[in-house]
>>> print(open('run-v9.pdb').read())   # PDB, C-alpha atoms
ATOM      1  CA  MET A   1     -95.133  25.423 -27.145
ATOM      2  CA  SER A   2     -92.414  25.363 -24.469
ATOM      3  CA  LEU A   3     -90.484  22.727 -26.438
ATOM      4  CA  CYS A   4     -90.435  25.089 -29.422
ATOM      5  CA  VAL A   5     -89.100  27.925 -27.254
ATOM      6  CA  LEU A   6     -86.408  25.634 -25.850
ATOM      7  CA  ALA A   7     -85.349  24.503 -29.330
ATOM      8  CA  ILE A   8     -85.129  28.086 -30.590
ATOM      9  CA  SER A   9     -83.156  29.116 -27.512
ATOM     10  CA  LEU A  10     -80.668  26.323 -28.069
ATOM     11  CA  LEU A  11     -80.285  27.163 -31.743
ATOM     12  CA  CYS A  12     -79.707  30.823 -30.923
ATOM     13  CA  ALA A  13     -77.047  29.893 -28.372
ATOM     14  CA  LEU A  14     -74.951  27.891 -30.855
ATOM     15  CA  PRO A  15     -73.452  30.843 -32.755
ATOM     16  CA  ILE A  16     -72.507  32.532 -29.474
ATOM     17  CA  SER A  17     -70.382  29.595 -28.326
ATOM     18  CA  SER A  18     -68.709  29.267 -31.730
ATOM     19  CA  GLN A  19     -67.967  33.009 -31.693
ATOM     20  CA  ALA A  20     -66.352  32.617 -28.296
ATOM     21  CA  GLN A  21     -64.213  29.793 -29.696
ATOM     22  CA  GLU A  22     -63.167  32.004 -32.611
ATOM     23  CA  THR A  23     -62.219  34.712 -30.141
ATOM     24  CA  HIS A  24     -60.010  32.244 -28.263
ATOM     25  CA  GLU A  25     -58.402  31.173 -31.521
ATOM     26  CA  ASP A  26     -57.848  34.783 -32.547
ATOM     27  CA  LEU A  27     -56.216  35.531 -29.208
ATOM     28  CA  PHE A  28     -54.093  32.417 -29.470
ATOM     29  CA  ARG A  29     -52.860  33.591 -32.869
ATOM     30  CA  ASP A  30     -52.042  36.992 -31.351
ATOM     31  CA  GLY A  31     -49.908  35.179 -28.792
ATOM     32  CA  LEU A  32     -48.303  33.145 -31.549
ATOM     33  CA  SER A  33     -47.430  36.342 -33.405
ATOM     34  CA  ALA A  34     -45.827  37.706 -30.237
ATOM     35  CA  TYR A  35     -43.891  34.451 -29.859
ATOM     36  CA  GLU A  36     -42.655  34.666 -33.445
ATOM     37  CA  ARG A  37     -41.375  38.201 -32.711
ATOM     38  CA  SER A  38     -39.535  36.748 -29.673
ATOM     39  CA  ASP A  39     -41.833  38.714 -27.337
ATOM     40  CA  TYR A  40     -42.244  35.772 -24.996
ATOM     41  CA  LYS A  41     -43.518  37.860 -22.093
ATOM     42  CA  LEU A  42     -46.397  39.192 -24.211
ATOM     43  CA  ALA A  43     -47.152  35.721 -25.548
ATOM     44  CA  MET A  44     -47.409  34.474 -21.964
ATOM     45  CA  GLN A  45     -49.678  37.387 -21.007
ATOM     46  CA  ILE A  46     -51.990  36.548 -23.902
ATOM     47  CA  TRP A  47     -51.986  32.774 -23.429
ATOM     48  CA  ARG A  48     -52.270  32.571 -19.629
ATOM     49  CA  PRO A  49     -55.953  33.659 -19.405
ATOM     50  CA  LEU A  50     -56.814  31.310 -22.264
ATOM     51  CA  ALA A  51     -54.999  28.436 -20.581
ATOM     52  CA  GLU A  52     -56.912  29.123 -17.372
ATOM     53  CA  GLN A  53     -60.097  28.714 -19.430
ATOM     54  CA  ASP A  54     -58.910  25.260 -20.564
ATOM     55  CA  HIS A  55     -57.730  26.322 -24.027
ATOM     56  CA  ALA A  56     -55.477  23.367 -24.839
ATOM     57  CA  LYS A  57     -53.303  25.100 -27.450
ATOM     58  CA  SER A  58     -52.489  27.889 -25.008
ATOM     59  CA  GLN A  59     -51.705  25.389 -22.281
ATOM     60  CA  SER A  60     -49.299  23.590 -24.600
ATOM     61  CA  ALA A  61     -47.692  26.824 -25.748
ATOM     62  CA  ILE A  62     -47.095  27.921 -22.157
ATOM     63  CA  GLY A  63     -45.598  24.538 -21.394
ATOM     64  CA  PHE A  64     -43.259  24.971 -24.344
ATOM     65  CA  LEU A  65     -42.209  28.442 -23.157
ATOM     66  CA  LEU A  66     -41.514  27.103 -19.687
ATOM     67  CA  MET A  67     -39.704  23.991 -20.938
ATOM     68  CA  ARG A  68     -37.408  26.133 -23.094
ATOM     69  CA  GLY A  69     -36.811  28.614 -20.271
ATOM     70  CA  LEU A  70     -38.111  31.494 -22.374
ATOM     71  CA  VAL A  71     -40.157  33.030 -19.545
TER      72      VAL A  71
END
>>> encode(input="run-v9.pdb", output="structure tokens")
Amino acid sequence: MSLCVLAISLLCALPISSQAQETHEDLFRDGLSAYERSDYKLAMQIWRPLAEQDHAKSQSAIGFLLMRGLV
């Protein structure tokens, strides 16, 4: 019985983690939109918290901003 409860708990947790990933991707795209409008400060504000949560795309984007001297 406890194995069944564990399996159901794990299955229920899967959509939550994928939703969190979608949220990170949505936020990253918001930062990308800011970047495309040349609002580099806003892009940095959006990407920094994601980068601190190990979001690789945001980390790379911040590195690009810094390398280009845009922020």
>>> atom_distance(input="run-v9.pdb", atom1="atom CA of Glu36 of chain A", atom2="atom CA of Gln53 of chain A")
23.2 Å
>>> atom_distance(input="run-v9.pdb", atom1="atom CA of Gln59 of chain A", atom2="atom CA of Ala34 of chain A")
15.8 Å
>>> atom_distance(input="run-v9.pdb", atom1="atom CA of Gly31 of chain A", atom2="atom CA of Ile46 of chain A")
5.5 Å
>>> resolve_selection(input="run-v9.pdb", expression="the PyMOL selection byres ((chain A and resi 62-71) around 12)", output="list in words")
Phe28, Gly31, Leu32, Tyr35, Ser38, Asp39, Tyr40, Lys41, Leu42, Ala43, Met44, Gln45, Ile46, Trp47, Arg48, Pro49, Leu50, Ala51, Glu52, His55, Ala56, Lys57, Ser58, Gln59, Ser60 and Ala61 of chain A
>>> write_last_selection(input="run-v9.pdb", atoms="C-alpha atoms", output="CSV table (one decimal), in the coordinates of the input")
chain,number,residue,atom,x,y,z
A,28,PHE,CA,-54.1,32.4,-29.5
A,31,GLY,CA,-49.9,35.2,-28.8
A,32,LEU,CA,-48.3,33.1,-31.5
A,35,TYR,CA,-43.9,34.5,-29.9
A,38,SER,CA,-39.5,36.7,-29.7
A,39,ASP,CA,-41.8,38.7,-27.3
A,40,TYR,CA,-42.2,35.8,-25.0
A,41,LYS,CA,-43.5,37.9,-22.1
A,42,LEU,CA,-46.4,39.2,-24.2
A,43,ALA,CA,-47.2,35.7,-25.5
A,44,MET,CA,-47.4,34.5,-22.0
A,45,GLN,CA,-49.7,37.4,-21.0
A,46,ILE,CA,-52.0,36.5,-23.9
A,47,TRP,CA,-52.0,32.8,-23.4
A,48,ARG,CA,-52.3,32.6,-19.6
A,49,PRO,CA,-56.0,33.7,-19.4
A,50,LEU,CA,-56.8,31.3,-22.3
A,51,ALA,CA,-55.0,28.4,-20.6
A,52,GLU,CA,-56.9,29.1,-17.4
A,55,HIS,CA,-57.7,26.3,-24.0
A,56,ALA,CA,-55.5,23.4,-24.8
A,57,LYS,CA,-53.3,25.1,-27.4
A,58,SER,CA,-52.5,27.9,-25.0
A,59,GLN,CA,-51.7,25.4,-22.3
A,60,SER,CA,-49.3,23.6,-24.6
A,61,ALA,CA,-47.7,26.8,-25.7
>>> build_atoms(input="run-v9.pdb", residues="segment 34-47 of chain A", atoms="N, CA, C and O atoms", output="PDB file, in the coordinates of the input")
ATOM      1  N   ALA A  34     -46.779  37.168 -31.215  1.00  0.00           N
ATOM      2  CA  ALA A  34     -45.827  37.706 -30.237  1.00  0.00           C
ATOM      3  C   ALA A  34     -44.655  36.748 -30.064  1.00  0.00           C
ATOM      4  O   ALA A  34     -43.495  37.170 -30.020  1.00  0.00           O
ATOM      5  N   TYR A  35     -44.947  35.462 -29.985  1.00  0.00           N
ATOM      6  CA  TYR A  35     -43.891  34.451 -29.859  1.00  0.00           C
ATOM      7  C   TYR A  35     -42.934  34.521 -31.049  1.00  0.00           C
ATOM      8  O   TYR A  35     -41.714  34.488 -30.891  1.00  0.00           O
ATOM      9  N   GLU A  36     -43.486  34.625 -32.242  1.00  0.00           N
ATOM     10  CA  GLU A  36     -42.655  34.666 -33.445  1.00  0.00           C
ATOM     11  C   GLU A  36     -41.777  35.913 -33.500  1.00  0.00           C
ATOM     12  O   GLU A  36     -40.737  35.898 -34.145  1.00  0.00           O
ATOM     13  N   ARG A  37     -42.195  36.987 -32.809  1.00  0.00           N
ATOM     14  CA  ARG A  37     -41.375  38.201 -32.711  1.00  0.00           C
ATOM     15  C   ARG A  37     -40.413  38.134 -31.530  1.00  0.00           C
ATOM     16  O   ARG A  37     -39.764  39.118 -31.205  1.00  0.00           O
ATOM     17  N   SER A  38     -40.367  36.975 -30.876  1.00  0.00           N
ATOM     18  CA  SER A  38     -39.535  36.748 -29.673  1.00  0.00           C
ATOM     19  C   SER A  38     -39.990  37.590 -28.489  1.00  0.00           C
ATOM     20  O   SER A  38     -39.209  37.853 -27.581  1.00  0.00           O
ATOM     21  N   ASP A  39     -41.264  37.995 -28.482  1.00  0.00           N
ATOM     22  CA  ASP A  39     -41.833  38.714 -27.337  1.00  0.00           C
ATOM     23  C   ASP A  39     -42.541  37.685 -26.458  1.00  0.00           C
ATOM     24  O   ASP A  39     -43.759  37.586 -26.420  1.00  0.00           O
ATOM     25  N   TYR A  40     -41.731  36.897 -25.765  1.00  0.00           N
ATOM     26  CA  TYR A  40     -42.244  35.772 -24.996  1.00  0.00           C
ATOM     27  C   TYR A  40     -43.096  36.221 -23.813  1.00  0.00           C
ATOM     28  O   TYR A  40     -44.069  35.558 -23.459  1.00  0.00           O
ATOM     29  N   LYS A  41     -42.743  37.348 -23.222  1.00  0.00           N
ATOM     30  CA  LYS A  41     -43.518  37.860 -22.093  1.00  0.00           C
ATOM     31  C   LYS A  41     -44.949  38.202 -22.541  1.00  0.00           C
ATOM     32  O   LYS A  41     -45.918  37.856 -21.872  1.00  0.00           O
ATOM     33  N   LEU A  42     -45.072  38.855 -23.691  1.00  0.00           N
ATOM     34  CA  LEU A  42     -46.397  39.192 -24.211  1.00  0.00           C
ATOM     35  C   LEU A  42     -47.171  37.930 -24.583  1.00  0.00           C
ATOM     36  O   LEU A  42     -48.371  37.824 -24.296  1.00  0.00           O
ATOM     37  N   ALA A  43     -46.489  36.976 -25.200  1.00  0.00           N
ATOM     38  CA  ALA A  43     -47.152  35.721 -25.548  1.00  0.00           C
ATOM     39  C   ALA A  43     -47.725  35.064 -24.290  1.00  0.00           C
ATOM     40  O   ALA A  43     -48.873  34.612 -24.289  1.00  0.00           O
ATOM     41  N   MET A  44     -46.942  35.057 -23.223  1.00  0.00           N
ATOM     42  CA  MET A  44     -47.409  34.474 -21.964  1.00  0.00           C
ATOM     43  C   MET A  44     -48.608  35.246 -21.417  1.00  0.00           C
ATOM     44  O   MET A  44     -49.579  34.644 -20.946  1.00  0.00           O
ATOM     45  N   GLN A  45     -48.561  36.565 -21.501  1.00  0.00           N
ATOM     46  CA  GLN A  45     -49.678  37.387 -21.007  1.00  0.00           C
ATOM     47  C   GLN A  45     -50.955  37.111 -21.795  1.00  0.00           C
ATOM     48  O   GLN A  45     -52.051  37.157 -21.232  1.00  0.00           O
ATOM     49  N   ILE A  46     -50.820  36.839 -23.072  1.00  0.00           N
ATOM     50  CA  ILE A  46     -51.990  36.548 -23.902  1.00  0.00           C
ATOM     51  C   ILE A  46     -52.498  35.136 -23.645  1.00  0.00           C
ATOM     52  O   ILE A  46     -53.704  34.906 -23.520  1.00  0.00           O
ATOM     53  N   TRP A  47     -51.586  34.181 -23.545  1.00  0.00           N
ATOM     54  CA  TRP A  47     -51.986  32.774 -23.429  1.00  0.00           C
ATOM     55  C   TRP A  47     -52.448  32.368 -22.040  1.00  0.00           C
ATOM     56  O   TRP A  47     -53.266  31.464 -21.910  1.00  0.00           O
TER      57      TRP A  47
END
